[in-house]
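Structure record follows, encoded as structure tokens.
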Amino acid sequence: MPTALVTGATAGIGLEFARQLAARGHDLVLVARDTARLETVAGDLQATYGVGAEVLTADLVDREQLAVVEERVASLDRPVDVLVNNAGFGLKKRFGDNDVEQEQAMLDVLVVAVMRLSHAALGAMSGRGRGGIINVSSVAAFLPRGSYSAAKAYVNSFGAWAAHEYRPKGVTVTTLCPGFTKTEFHERMSVRRGSGYLWLEADFLVSKCLSDFDKGKAMSVPGGQYKVITAATRMVPTRVAQRFQDIGRK
């Protein structure tokens, strides 16, 4: 059975990736900071889908703990066929109002961990001539919304390059750009979750992404409304787009 490693696997988009990959018959390596919650999720997925579910506790801000995950991704004896770089968080305040260590931690998870785990995966997968990576970015990458958007813009740019570079070597790299999604993400920021046409369900989001991944697409933007928004950002001046930076903060 193929194996998928998912970071941030105990809630939200990561948990939904774990569920849908398990339904496809993938054994799982579940990565998050909370061991008890990981074990609960692993047990539920094993019981529901009859797959293997390995628990790997790690805080991706900690370079030593991240190295353990890198080693698991790069394993040749127990290959990881699909890597889902999903772990992440946001900061409610503006850049200058956040403590610099908070900003550093966010950068470590959104950029450094994605880069290092992708490096580990691409080496192993290209050597085998097969495999795939899904990097969870954000529609925010297309908008000027501080350091979070800047970090996600890195993920988009890196993913576009990696998809082109490694496709001939049998590796698919898909960058997922979610819009507002009904998960715990906003609650952890102490931001009220909204409703309406801009808010997507996680199961829809992940299903569309996996369909795009199957087709070998370099980027997945689920939801027609977000396809329109991302296309429009290419034509809207930065000074105009900045007026919308408080959407989703309150």
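Chain labels A, B, ... are given in the sequence in which chains occur in the structure tokens; within each chain residues are numbered consecutively from 1, and ligands are likewise numbered from 1 in the order shown.
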
Next item on the list: Enumerate as an MDAnalysis selection string all residues of region 89-181 of chain A assigned to strand (DSSP E or B) by DSSP on the backbone, naming them with the chain letters and numbers the document uses.
Entry: chainID A and resid 131:136 171:176 181

With 9 Å as the cut-off and only C-alpha atoms counted, what is the closest atom pair between each nearby residue of region 102-167 of chain A and region 64-72 of chain A? Distances in Å to one decimal, ordered by chain and number, as a tab-separated table.
```
residue	atom	partner	partner_atom	distance
A:Ala113	CA	A:Leu66	CA	7.1
A:Arg116	CA	A:Glu70	CA	7.0
A:Leu117	CA	A:Glu70	CA	5.4
A:Ser118	CA	A:Glu70	CA	8.7
A:His119	CA	A:Glu70	CA	8.5
A:Ala120	CA	A:Glu70	CA	5.8
A:Ala121	CA	A:Glu70	CA	8.0
```

Item checked: Non-local contacts of region 3-8 of chain A (6 Å; only C-alpha atoms; under 5 positions in same chain excluded) as a list in words ->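 So the residues in contact are Gly14, His26, Asp27, Leu28, Val29, Leu30, Val31, Ala32, Val80, Asp81, Val82, Leu83, Val84, Asn85, Asn86 and Ala87 of chain A.
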
Margin query: Ranking A:Glu16, A:Leu210, A:Leu200, A:Val139 by minimum distance to Ile229 (chain A) and counting only C-alpha atoms, which one comes first?
Written below: A:Val139

Check: Skipping near chain neighbours, those fewer than 2 positions away, what residues fall within 7 Å of Pro178 (chain A) using only C-alpha atoms, listed as a VMD selection string?
Finding: chain A and resid 137 to 139 176 180 221 to 222

Notebook entry, point to check: Counting only C-alpha atoms, which of A:Cys177, A:Cys209, A:Leu107, A:Met125 gets nearest to Ala150 (chain A)?
Noted result: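 Among A:Cys177, A:Cys209, A:Leu107, A:Met125, it is A:Leu107 that comes nearest to Ala150 (chain A).
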
Check: So, counting only C-alpha atoms, which residue among A:Asp62, A:Val73, A:Leu143, A:Arg24 is closest to Asp108 (chain A)?
Finding: A:Asp62

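One distance worth recording is that between CA of Ala22 (chain A) and CA of Ser211 (chain A), which is 15.1 Å.
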
Next item on the list: In Å, rounded to a single decimal, give me how far CA of Phe17 (chain A) is from CA of Gly43 (chain A).
Entry: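 Distance between the two atoms: 15.8 Å.
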
Check: In region 123-241 of chain A, what's alpha helix (DSSP H) per DSSP? Answer as a ChimeraX atom specification?
Finding: /A:123-128,146-166,185-188,202-214,224-233,238-241

Next item on the list: In Å, rounded to a single decimal, give me how far CA of Ala141 (chain A) is from CA of Ile13 (chain A).
Entry: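 Separation between CA of Ile13 (chain A) and CA of Ala141 (chain A): 17.4 Å.
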
Next item on the list: Within 9 Å of Val173 (chain A), counting only C-alpha atoms, which residues show up once you throw out same-chain ones fewer than 3 positions away? Write them as an MDAnalysis selection string, please.
Entry: chainID A and resid 131:135 159:160 162:164 166:167 213 216:219

Residue subset to file, keeping C-alpha atoms, as a compact mmCIF listing (two decimals), in the first residue's frame:
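Generated file (result31.txt):
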```
# COMPACT_ATOMS: atom_id res chain seq x y z
CA GLY A 131 5.92 10.15 -5.85
CA GLY A 132 4.19 13.41 -5.17
CA ILE A 133 4.09 16.47 -2.94
CA ILE A 134 1.14 18.67 -2.07
CA ASN A 135 2.14 21.99 -0.51
CA GLY A 159 5.99 24.85 -6.06
CA ALA A 160 5.71 26.20 -9.60
CA ALA A 162 9.49 22.21 -8.48
CA ALA A 163 6.52 21.00 -10.53
CA HIS A 164 8.36 21.86 -13.74
CA TYR A 166 10.66 17.23 -11.20
CA ARG A 167 7.81 16.23 -13.51
CA PHE A 213 -3.03 16.27 -8.06
CA GLY A 216 -0.63 16.40 -12.49
CA LYS A 217 -1.63 20.04 -12.11
CA ALA A 218 0.97 22.37 -10.63
CA MET A 219 -1.62 24.53 -8.85
```

Note to self: Give me, as a ChimeraX atom specification, all polymer residues having an atom no more than 12 Å from Asp34 (chain A), counting only C-alpha atoms and skipping those fewer than 6 positions away in the same chain.
What the structure shows: /A:7-11,40-41,55-59

Store the residues picked out above, limited to C-alpha atoms, as a PDB file, in the first residue's frame.
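Final output, saved to again11.pdb:
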```
ATOM      1  CA  THR A   7       1.869  17.437   8.647  1.00  0.00           C
ATOM      2  CA  GLY A   8      -0.673  19.243  10.801  1.00  0.00           C
ATOM      3  CA  ALA A   9      -2.754  16.084  10.566  1.00  0.00           C
ATOM      4  CA  THR A  10      -4.979  16.349  13.637  1.00  0.00           C
ATOM      5  CA  ALA A  11      -7.359  19.109  12.537  1.00  0.00           C
ATOM      6  CA  THR A  40      -6.811   9.383  18.742  1.00  0.00           C
ATOM      7  CA  VAL A  41      -6.857  10.366  15.076  1.00  0.00           C
ATOM      8  CA  VAL A  55       2.235   8.650  14.768  1.00  0.00           C
ATOM      9  CA  LEU A  56       5.150  11.074  14.645  1.00  0.00           C
ATOM     10  CA  THR A  57       5.078  13.854  17.231  1.00  0.00           C
ATOM     11  CA  ALA A  58       7.043  16.929  16.183  1.00  0.00           C
ATOM     12  CA  ASP A  59       7.010  20.684  16.552  1.00  0.00           C
TER      13      ASP A  59
END
```

Margin query: Restricting the calculation to only C-alpha atoms: of A:Ala124, A:Met1, A:Val112, A:Ala47, which residue gets closest to Leu21 (chain A)?
Written below: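 Closest residue, counting only C-alpha atoms: A:Met1.
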
Checklist line | Among the residues A:Thr172, A:Leu45, A:Val136, A:Gln104, the one that comes closest to Val206 (chain A) [using only C-alpha atoms] | finding: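 Between A:Thr172, A:Leu45, A:Val136, A:Gln104, the residue approaching Val206 (chain A) most closely is A:Val136.
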